[in-house]
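Next comes query20.pdb, a file with PDB, C-alpha atoms, pLDDT in the B column.
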ATOM      1  CA  MET A   1      38.925   8.836 107.188  1.00 74.00           C
ATOM      2  CA  PHE A   2      40.712  10.462 110.124  1.00 79.00           C
ATOM      3  CA  CYS A   3      43.638  12.887 110.314  1.00 81.00           C
ATOM      4  CA  GLN A   4      46.766  11.159 111.590  1.00 77.00           C
ATOM      5  CA  ASN A   5      47.846  14.360 113.342  1.00 82.00           C
ATOM      6  CA  CYS A   6      44.749  15.675 115.198  1.00 86.00           C
ATOM      7  CA  LYS A   7      42.470  12.613 114.886  1.00 86.00           C
ATOM      8  CA  GLN A   8      39.559  14.671 113.505  1.00 85.00           C
ATOM      9  CA  GLN A   9      37.202  12.978 111.050  1.00 84.00           C
ATOM     10  CA  LEU A  10      37.627  14.073 107.435  1.00 80.00           C
ATOM     11  CA  ALA A  11      35.766  13.607 104.179  1.00 77.00           C
ATOM     12  CA  ASP A  12      36.946  10.557 102.230  1.00 72.00           C
ATOM     13  CA  ASP A  13      38.286  12.741  99.404  1.00 67.00           C
ATOM     14  CA  ALA A  14      40.134  15.244 101.685  1.00 72.00           C
ATOM     15  CA  THR A  15      43.606  16.249 100.543  1.00 68.00           C
ATOM     16  CA  PHE A  16      44.450  17.957 103.832  1.00 71.00           C
ATOM     17  CA  CYS A  17      42.975  18.369 107.301  1.00 78.00           C
ATOM     18  CA  TRP A  18      40.781  21.461 107.617  1.00 73.00           C
ATOM     19  CA  HIS A  19      41.340  21.420 111.390  1.00 78.00           C
ATOM     20  CA  CYS A  20      45.120  21.379 111.688  1.00 80.00           C
ATOM     21  CA  GLY A  21      46.420  21.821 108.118  1.00 75.00           C
ATOM     22  CA  GLN A  22      48.126  18.424 107.982  1.00 72.00           C
ATOM     23  CA  LEU A  23      48.666  17.113 104.445  1.00 69.00           C
ATOM     24  CA  ILE A  24      46.842  13.886 103.693  1.00 65.00           C
ATOM     25  CA  LYS A  25      48.804  11.653 101.337  1.00 57.00           C
ATOM     26  CA  SER A  26      47.394  12.034  97.858  1.00 53.00           C
ATOM     27  CA  PRO A  27      49.019  11.552  94.442  1.00 46.00           C
ATOM     28  CA  ASP A  28      47.608  14.826  93.080  1.00 57.00           C
ATOM     29  CA  ILE A  29      48.579  17.152  95.949  1.00 65.00           C
ATOM     30  CA  LYS A  30      50.146  20.284  94.464  1.00 83.00           C
ATOM     31  CA  TYR A  31      51.272  22.284  97.507  1.00 88.00           C
ATOM     32  CA  ASP A  32      54.293  21.962  99.810  1.00 87.00           C
ATOM     33  CA  PHE A  33      52.418  23.537 102.715  1.00 88.00           C
ATOM     34  CA  ILE A  34      48.770  24.070 103.575  1.00 86.00           C
ATOM     35  CA  GLY A  35      48.146  26.543 106.383  1.00 85.00           C
ATOM     36  CA  TYR A  36      45.240  27.707 108.450  1.00 80.00           C
ATOM     37  CA  SER A  37      41.776  28.609 107.182  1.00 83.00           C
ATOM     38  CA  GLN A  38      40.381  32.084 107.684  1.00 87.00           C
ATOM     39  CA  GLU A  39      37.535  34.033 106.056  1.00 89.00           C
ATOM     40  CA  GLY A  40      36.815  31.097 103.736  1.00 88.00           C
ATOM     41  CA  LEU A  41      40.413  30.844 102.502  1.00 91.00           C
ATOM     42  CA  THR A  42      43.250  28.460 103.291  1.00 90.00           C
ATOM     43  CA  LEU A  43      46.795  29.708 102.780  1.00 92.00           C
ATOM     44  CA  VAL A  44      48.991  27.423 100.644  1.00 92.00           C
ATOM     45  CA  ALA A  45      52.614  27.451  99.503  1.00 92.00           C
ATOM     46  CA  LYS A  46      54.720  25.783  96.842  1.00 92.00           C
ATOM     47  CA  ASP A  47      58.410  26.444  96.164  1.00 90.00           C
ATOM     48  CA  HIS A  48      58.381  29.406  98.611  1.00 89.00           C
ATOM     49  CA  SER A  49      55.491  31.162  96.822  1.00 90.00           C
ATOM     50  CA  TRP A  50      52.255  31.733  98.718  1.00 93.00           C
ATOM     51  CA  GLY A  51      48.628  31.950  97.635  1.00 92.00           C
ATOM     52  CA  ALA A  52      45.257  30.762  98.908  1.00 92.00           C
ATOM     53  CA  ILE A  53      42.586  28.236  98.037  1.00 91.00           C
ATOM     54  CA  ASN A  54      38.866  28.262  98.764  1.00 89.00           C
ATOM     55  CA  SER A  55      38.551  26.389 102.075  1.00 85.00           C
ATOM     56  CA  SER A  56      35.569  24.321 100.994  1.00 80.00           C
ATOM     57  CA  SER A  57      36.210  23.623  97.302  1.00 83.00           C
ATOM     58  CA  GLY A  58      40.023  23.606  97.261  1.00 84.00           C
ATOM     59  CA  ARG A  59      39.987  25.853  94.147  1.00 88.00           C
ATOM     60  CA  GLU A  60      42.933  28.260  93.910  1.00 90.00           C
ATOM     61  CA  VAL A  61      41.644  31.783  94.538  1.00 91.00           C
ATOM     62  CA  ILE A  62      44.856  33.738  95.098  1.00 92.00           C
ATOM     63  CA  PRO A  63      47.668  32.689  92.760  1.00 90.00           C
ATOM     64  CA  LEU A  64      51.043  31.598  94.141  1.00 90.00           C
ATOM     65  CA  ARG A  65      52.716  34.993  93.562  1.00 87.00           C
ATOM     66  CA  PHE A  66      53.512  36.208  97.074  1.00 92.00           C
ATOM     67  CA  GLU A  67      56.541  35.672  99.322  1.00 91.00           C
ATOM     68  CA  ILE A  68      54.231  35.493 102.340  1.00 91.00           C
ATOM     69  CA  ILE A  69      50.620  36.345 103.170  1.00 93.00           C
ATOM     70  CA  GLY A  70      49.541  37.442 106.633  1.00 92.00           C
ATOM     71  CA  PRO A  71      46.159  36.798 108.247  1.00 90.00           C
ATOM     72  CA  PHE A  72      43.033  38.252 106.657  1.00 90.00           C
ATOM     73  CA  GLU A  73      40.988  40.725 108.646  1.00 91.00           C
ATOM     74  CA  LYS A  74      37.764  42.104 107.144  1.00 92.00           C
ATOM     75  CA  GLY A  75      38.806  40.814 103.716  1.00 92.00           C
ATOM     76  CA  ILE A  76      42.277  42.417 103.636  1.00 94.00           C
ATOM     77  CA  ALA A  77      45.710  40.905 104.381  1.00 94.00           C
ATOM     78  CA  THR A  78      49.256  42.229 104.301  1.00 94.00           C
ATOM     79  CA  ALA A  79      51.541  40.345 101.933  1.00 93.00           C
ATOM     80  CA  ILE A  80      55.052  40.560 100.538  1.00 92.00           C
ATOM     81  CA  PHE A  81      55.119  40.678  96.738  1.00 88.00           C
ATOM     82  CA  THR A  82      58.194  40.216  94.552  1.00 81.00           C
ATOM     83  CA  LYS A  83      57.909  43.198  92.232  1.00 77.00           C
ATOM     84  CA  LYS A  84      59.959  43.746  89.119  1.00 71.00           C
ATOM     85  CA  GLU A  85      60.443  47.493  88.863  1.00 66.00           C
ATOM     86  CA  ILE A  86      60.212  48.761  85.304  1.00 57.00           C
ATOM     87  CA  ARG A  87      63.477  50.426  84.323  1.00 58.00           C
ATOM     88  CA  LYS A  88      64.921  52.093  81.236  1.00 57.00           C
ATOM     89  CA  LYS A  89      65.779  49.939  78.211  1.00 57.00           C
ATOM     90  CA  GLY A  90      63.721  47.008  79.449  1.00 54.00           C
ATOM     91  CA  GLU A  91      65.942  46.352  82.458  1.00 63.00           C
ATOM     92  CA  SER A  92      64.210  45.415  85.666  1.00 63.00           C
ATOM     93  CA  LYS A  93      65.089  45.590  89.324  1.00 74.00           C
ATOM     94  CA  ILE A  94      63.549  42.990  91.602  1.00 78.00           C
ATOM     95  CA  THR A  95      62.403  44.173  95.011  1.00 82.00           C
ATOM     96  CA  SER A  96      60.181  42.832  97.760  1.00 86.00           C
ATOM     97  CA  VAL A  97      57.218  45.120  98.371  1.00 86.00           C
ATOM     98  CA  LYS A  98      54.819  45.092 101.309  1.00 90.00           C
ATOM     99  CA  VAL A  99      51.287  45.307  99.895  1.00 92.00           C
ATOM    100  CA  GLN A 100      47.695  44.849 100.979  1.00 94.00           C
ATOM    101  CA  ILE A 101      45.604  42.274  99.118  1.00 94.00           C
ATOM    102  CA  ASP A 102      41.941  41.330  99.131  1.00 94.00           C
ATOM    103  CA  THR A 103      40.492  37.813  99.223  1.00 92.00           C
ATOM    104  CA  THR A 104      40.919  37.482  95.437  1.00 90.00           C
ATOM    105  CA  GLY A 105      44.607  38.474  95.526  1.00 90.00           C
ATOM    106  CA  ARG A 106      44.104  41.925  94.016  1.00 92.00           C
ATOM    107  CA  ILE A 107      46.799  44.349  95.128  1.00 92.00           C
ATOM    108  CA  LYS A 108      45.718  47.630  96.703  1.00 93.00           C
ATOM    109  CA  LEU A 109      47.540  50.623  95.206  1.00 90.00           C
ATOM    110  CA  HIS A 110      47.283  54.246  96.225  1.00 88.00           C
ATOM    111  CA  GLY A 111      46.904  56.594  93.266  1.00 83.00           C
ATOM    112  CA  PRO A 112      46.868  60.390  93.140  1.00 82.00           C
ATOM    113  CA  GLN A 113      44.453  62.284  95.412  1.00 79.00           C
ATOM    114  CA  ASP A 114      44.047  59.247  97.709  1.00 82.00           C
ATOM    115  CA  CYS A 115      42.530  57.201  94.867  1.00 86.00           C
ATOM    116  CA  ILE A 116      42.425  53.462  95.675  1.00 90.00           C
ATOM    117  CA  ILE A 117      43.262  51.180  92.744  1.00 91.00           C
ATOM    118  CA  TRP A 118      42.866  47.370  92.843  1.00 92.00           C
ATOM    119  CA  LEU A 119      45.445  45.701  90.582  1.00 91.00           C
ATOM    120  CA  SER A 120      45.208  42.099  89.378  1.00 90.00           C
ATOM    121  CA  PRO A 121      47.879  39.800  90.852  1.00 86.00           C
ATOM    122  CA  LYS A 122      48.748  38.568  87.336  1.00 89.00           C
ATOM    123  CA  TYR A 123      51.126  41.520  86.856  1.00 89.00           C
ATOM    124  CA  ASP A 124      54.671  41.199  88.194  1.00 85.00           C
ATOM    125  CA  SER A 125      55.497  44.890  87.753  1.00 85.00           C
ATOM    126  CA  TRP A 126      53.612  48.147  87.800  1.00 88.00           C
ATOM    127  CA  LYS A 127      54.146  51.878  87.895  1.00 87.00           C
ATOM    128  CA  ILE A 128      51.351  54.379  88.505  1.00 88.00           C
ATOM    129  CA  LEU A 129      51.440  57.080  85.849  1.00 84.00           C
ATOM    130  CA  PRO A 130      49.735  60.457  85.585  1.00 76.00           C
ATOM    131  CA  HIS A 131      46.390  60.733  83.833  1.00 79.00           C
ATOM    132  CA  GLU A 132      44.918  57.562  85.411  1.00 84.00           C
ATOM    133  CA  TYR A 133      47.209  55.053  83.687  1.00 89.00           C
ATOM    134  CA  ILE A 134      49.313  52.224  85.079  1.00 90.00           C
ATOM    135  CA  GLU A 135      52.325  50.820  83.255  1.00 90.00           C
ATOM    136  CA  VAL A 136      52.207  47.037  83.847  1.00 91.00           C
ATOM    137  CA  GLY A 137      54.346  44.036  82.993  1.00 88.00           C
ATOM    138  CA  ILE A 138      54.258  40.268  82.913  1.00 88.00           C
ATOM    139  CA  ASP A 139      57.453  38.284  82.367  1.00 84.00           C
ATOM    140  CA  GLY A 140      59.243  41.128  80.537  1.00 82.00           C
ATOM    141  CA  SER A 141      56.331  42.214  78.318  1.00 88.00           C
ATOM    142  CA  TYR A 142      54.927  45.648  79.083  1.00 89.00           C
ATOM    143  CA  GLY A 143      51.744  47.570  78.366  1.00 91.00           C
ATOM    144  CA  VAL A 144      49.379  50.121  79.889  1.00 91.00           C
ATOM    145  CA  ILE A 145      46.036  49.780  81.672  1.00 92.00           C
ATOM    146  CA  ASP A 146      43.720  52.381  83.158  1.00 90.00           C
ATOM    147  CA  TYR A 147      42.755  52.516  86.831  1.00 89.00           C
ATOM    148  CA  ALA A 148      39.739  50.281  86.140  1.00 89.00           C
ATOM    149  CA  GLY A 149      42.029  47.570  84.696  1.00 90.00           C
ATOM    150  CA  ASN A 150      41.073  48.132  81.044  1.00 91.00           C
ATOM    151  CA  GLU A 151      43.874  47.526  78.564  1.00 90.00           C
ATOM    152  CA  ILE A 152      45.068  50.735  76.890  1.00 90.00           C
ATOM    153  CA  LEU A 153      48.210  49.300  75.252  1.00 90.00           C
ATOM    154  CA  PRO A 154      48.608  45.509  75.017  1.00 92.00           C
ATOM    155  CA  LEU A 155      51.225  43.627  77.014  1.00 92.00           C
ATOM    156  CA  ARG A 156      53.565  42.962  74.113  1.00 92.00           C
ATOM    157  CA  TYR A 157      56.277  45.612  74.241  1.00 91.00           C
ATOM    158  CA  ASP A 158      59.872  45.217  75.409  1.00 86.00           C
ATOM    159  CA  VAL A 159      59.755  48.787  76.749  1.00 84.00           C
ATOM    160  CA  CYS A 160      56.754  51.026  77.381  1.00 85.00           C
ATOM    161  CA  ARG A 161      57.113  54.568  78.755  1.00 84.00           C
ATOM    162  CA  CYS A 162      54.718  57.445  79.298  1.00 83.00           C
ATOM    163  CA  TYR A 163      55.983  60.241  77.061  1.00 79.00           C
ATOM    164  CA  SER A 164      53.306  62.844  77.781  1.00 80.00           C
ATOM    165  CA  GLU A 165      49.629  63.011  78.761  1.00 77.00           C
ATOM    166  CA  ASP A 166      48.394  60.576  76.093  1.00 81.00           C
ATOM    167  CA  ILE A 167      51.552  59.632  74.179  1.00 88.00           C
ATOM    168  CA  PHE A 168      53.618  56.550  74.970  1.00 88.00           C
ATOM    169  CA  ALA A 169      57.036  55.531  73.659  1.00 88.00           C
ATOM    170  CA  VAL A 170      57.139  51.781  73.030  1.00 89.00           C
ATOM    171  CA  SER A 171      59.833  49.449  71.787  1.00 88.00           C
ATOM    172  CA  LEU A 172      59.390  46.040  70.203  1.00 89.00           C
ATOM    173  CA  ALA A 173      62.285  43.964  68.858  1.00 87.00           C
ATOM    174  CA  GLY A 174      64.600  46.996  68.945  1.00 85.00           C
ATOM    175  CA  LYS A 175      62.240  49.295  67.052  1.00 92.00           C
ATOM    176  CA  THR A 176      60.855  52.278  68.927  1.00 90.00           C
ATOM    177  CA  GLN A 177      57.786  54.331  68.093  1.00 90.00           C
ATOM    178  CA  LYS A 178      55.454  56.759  69.786  1.00 90.00           C
ATOM    179  CA  ILE A 179      51.806  55.838  70.192  1.00 89.00           C
ATOM    180  CA  LYS A 180      48.972  58.242  70.932  1.00 86.00           C
ATOM    181  CA  LEU A 181      46.520  56.067  72.864  1.00 76.00           C
ATOM    182  CA  ASN A 182      45.833  53.411  70.197  1.00 56.00           C
ATOM    183  CA  LYS A 183      47.069  55.327  67.085  1.00 53.00           C
ATOM    184  CA  PRO A 184      50.705  55.313  65.895  1.00 48.00           C
ATOM    185  CA  LEU A 185      52.114  58.811  65.384  1.00 46.00           C
ATOM    186  CA  LYS A 186      53.637  59.696  61.988  1.00 44.00           C
TER     187      LYS A 186
END

Go ahead and render the structure in this file as structure tokens.
Amino acid sequence: MFCQNCKQQLADDATFCWHCGQLIKSPDIKYDFIGYSQEGLTLVAKDHSWGAINSSSGREVIPLRFEIIGPFEKGIATAIFTKKEIRKKGESKITSVKVQIDTTGRIKLHGPQDCIIWLSPKYDSWKILPHEYIEVGIDGSYGVIDYAGNEILPLRYDVCRCYSEDIFAVSLAGKTQKIKLNKPLK
């Protein structure tokens, strides 16, 4: 099979041209746009959300969570991420944030004392807290992880706030309580 756009020969099961990015008609194509390949990744977009697939296998490596992704250089790219800022009473403010990502889509955060933290792209909100914790959220459910990504409080609360060094105020279905790490306070 040959690409209609650049006339390069392609594998018979190709869904797009690896040379020019042209889509090849296929009933199971899931992207609106397939971009250039770089560092083993091919940028893809659907409904104005960007991610990346493995250039040889076509497997999605970076989820479609970014407004745009720039070129990768030495495994790092600049991207624009739609972040939901965690606010009081479960309200959120949506902002576009310029971030750096690696070839797996992890977001590079800068913690205290120049500490580098790599955050999974599954979270749509985050706030770095003192004492090596990060308040995180997915679709309006909030919890807490440590800098290594280990879950401290599960992502199930409507509101989750750092109250002091190891005490968090959480709210679920209108009921608020304080939690000391993983033990409810009396």

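Among A:Leu119, A:Leu181, A:Met1, A:Cys17, the residue with the shortest atom-to-atom distance to Phe168 in chain A, counting all atoms listed in the file, is A:Leu181.
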
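Every protein, DNA or RNA residue with an atom at most 9 Å from range 30-40 of chain A, where all atoms listed in the file count and chain neighbours fewer than 4 positions away do not, is listed here: A:Phe16, A:Cys17, A:Trp18, A:His19, A:Cys20, A:Gly21, A:Gln22, A:Leu23, A:Val44, A:Ala45, A:Lys46, A:Asp47, A:His48, A:Ala52, A:Ile53, A:Asn54, A:Ser55, A:Ser56, A:Pro71, A:Phe72, A:Glu73, A:Lys74, A:Gly75, A:Thr103.
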
Keeping only C-alpha atoms, take the residues you just selected and write them out as a CSV table (one decimal), in the coordinates of the input.
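In the end it all went to selection-v3.csv:
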chain,number,residue,atom,x,y,z
A,16,PHE,CA,44.4,18.0,103.8
A,17,CYS,CA,43.0,18.4,107.3
A,18,TRP,CA,40.8,21.5,107.6
A,19,HIS,CA,41.3,21.4,111.4
A,20,CYS,CA,45.1,21.4,111.7
A,21,GLY,CA,46.4,21.8,108.1
A,22,GLN,CA,48.1,18.4,108.0
A,23,LEU,CA,48.7,17.1,104.4
A,44,VAL,CA,49.0,27.4,100.6
A,45,ALA,CA,52.6,27.5,99.5
A,46,LYS,CA,54.7,25.8,96.8
A,47,ASP,CA,58.4,26.4,96.2
A,48,HIS,CA,58.4,29.4,98.6
A,52,ALA,CA,45.3,30.8,98.9
A,53,ILE,CA,42.6,28.2,98.0
A,54,ASN,CA,38.9,28.3,98.8
A,55,SER,CA,38.6,26.4,102.1
A,56,SER,CA,35.6,24.3,101.0
A,71,PRO,CA,46.2,36.8,108.2
A,72,PHE,CA,43.0,38.3,106.7
A,73,GLU,CA,41.0,40.7,108.6
A,74,LYS,CA,37.8,42.1,107.1
A,75,GLY,CA,38.8,40.8,103.7
A,103,THR,CA,40.5,37.8,99.2

Apply the PyMOL selection byres ((chain A and resi 138) around 9) to the displayed file and report the matching residues as an mmCIF file with C-alpha atoms, in the coordinates of the input.
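Once written, result.cif looks like this:
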data_model
loop_
_atom_site.group_PDB
_atom_site.id
_atom_site.type_symbol
_atom_site.label_atom_id
_atom_site.label_comp_id
_atom_site.auth_asym_id
_atom_site.auth_seq_id
_atom_site.Cartn_x
_atom_site.Cartn_y
_atom_site.Cartn_z
ATOM 1 C CA LYS A 122 48.748 38.568 87.336
ATOM 2 C CA TYR A 123 51.126 41.520 86.856
ATOM 3 C CA ASP A 124 54.671 41.199 88.194
ATOM 4 C CA SER A 125 55.497 44.890 87.753
ATOM 5 C CA VAL A 136 52.207 47.037 83.847
ATOM 6 C CA GLY A 137 54.346 44.036 82.993
ATOM 7 C CA ASP A 139 57.453 38.284 82.367
ATOM 8 C CA GLY A 140 59.243 41.128 80.537
ATOM 9 C CA SER A 141 56.331 42.214 78.318
ATOM 10 C CA TYR A 142 54.927 45.648 79.083
ATOM 11 C CA GLY A 143 51.744 47.570 78.366
ATOM 12 C CA LEU A 155 51.225 43.627 77.014
#

Give me the residues within 12 Å of range 114-116 of chain A as an MDAnalysis selection string, counting all atoms listed in the file and dropping any in the same chain fewer than 3 places off.
chainID A and resid 100 106:111 119 128 132 147:148

Find the axis-aligned box for range 148-163 of chain A, covering all its listed atoms and adding 3 Å on each side, and write its centre and edge lengths in Å to one decimal as lines of an AutoDock Vina configuration file.
center_x = 49.8
center_y = 51.6
center_z = 80.1
size_x = 26.1
size_y = 23.3
size_z = 18.0

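By chain and then residue number, the residues within 6 Å of range 77-81 of chain A are Phe66, Glu67, Ile68, Ile69, Gly70, Pro71, Phe72, Ser96, Val97, Lys98, Val99, Gln100 and Ile101 of chain A, counting all atoms listed in the file and disregarding those fewer than 4 positions away in sequence.
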
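Residues surrounding Ile152 in chain A within 10 Å are Tyr133, Ile134, Glu135, Gly143, Val144, Ile145, Asp146, Leu181 and Asn182 of chain A [all atoms listed in the file; sequence separation below 5 positions excluded].
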
Which residues are close to Ile167 in chain A, i.e. within 9 Å by only C-alpha atoms, leaving aside same-chain residues fewer than 5 positions away? Reply as an MDAnalysis selection string.
chainID A and resid 161:162 178:181 185

Point-to-point distance from CA of Gln9 in chain A to CA of Leu64 in chain A, Å rounded to tenths:
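So the answer is 28.7 Å.
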
For Pro121 in chain A, which residue out of A:Ala173, A:Ile62, A:Cys6, A:Leu41 is the nearest one, using all atoms listed in the file?
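Selected residue with least distance to Pro121 in chain A: A:Ile62.
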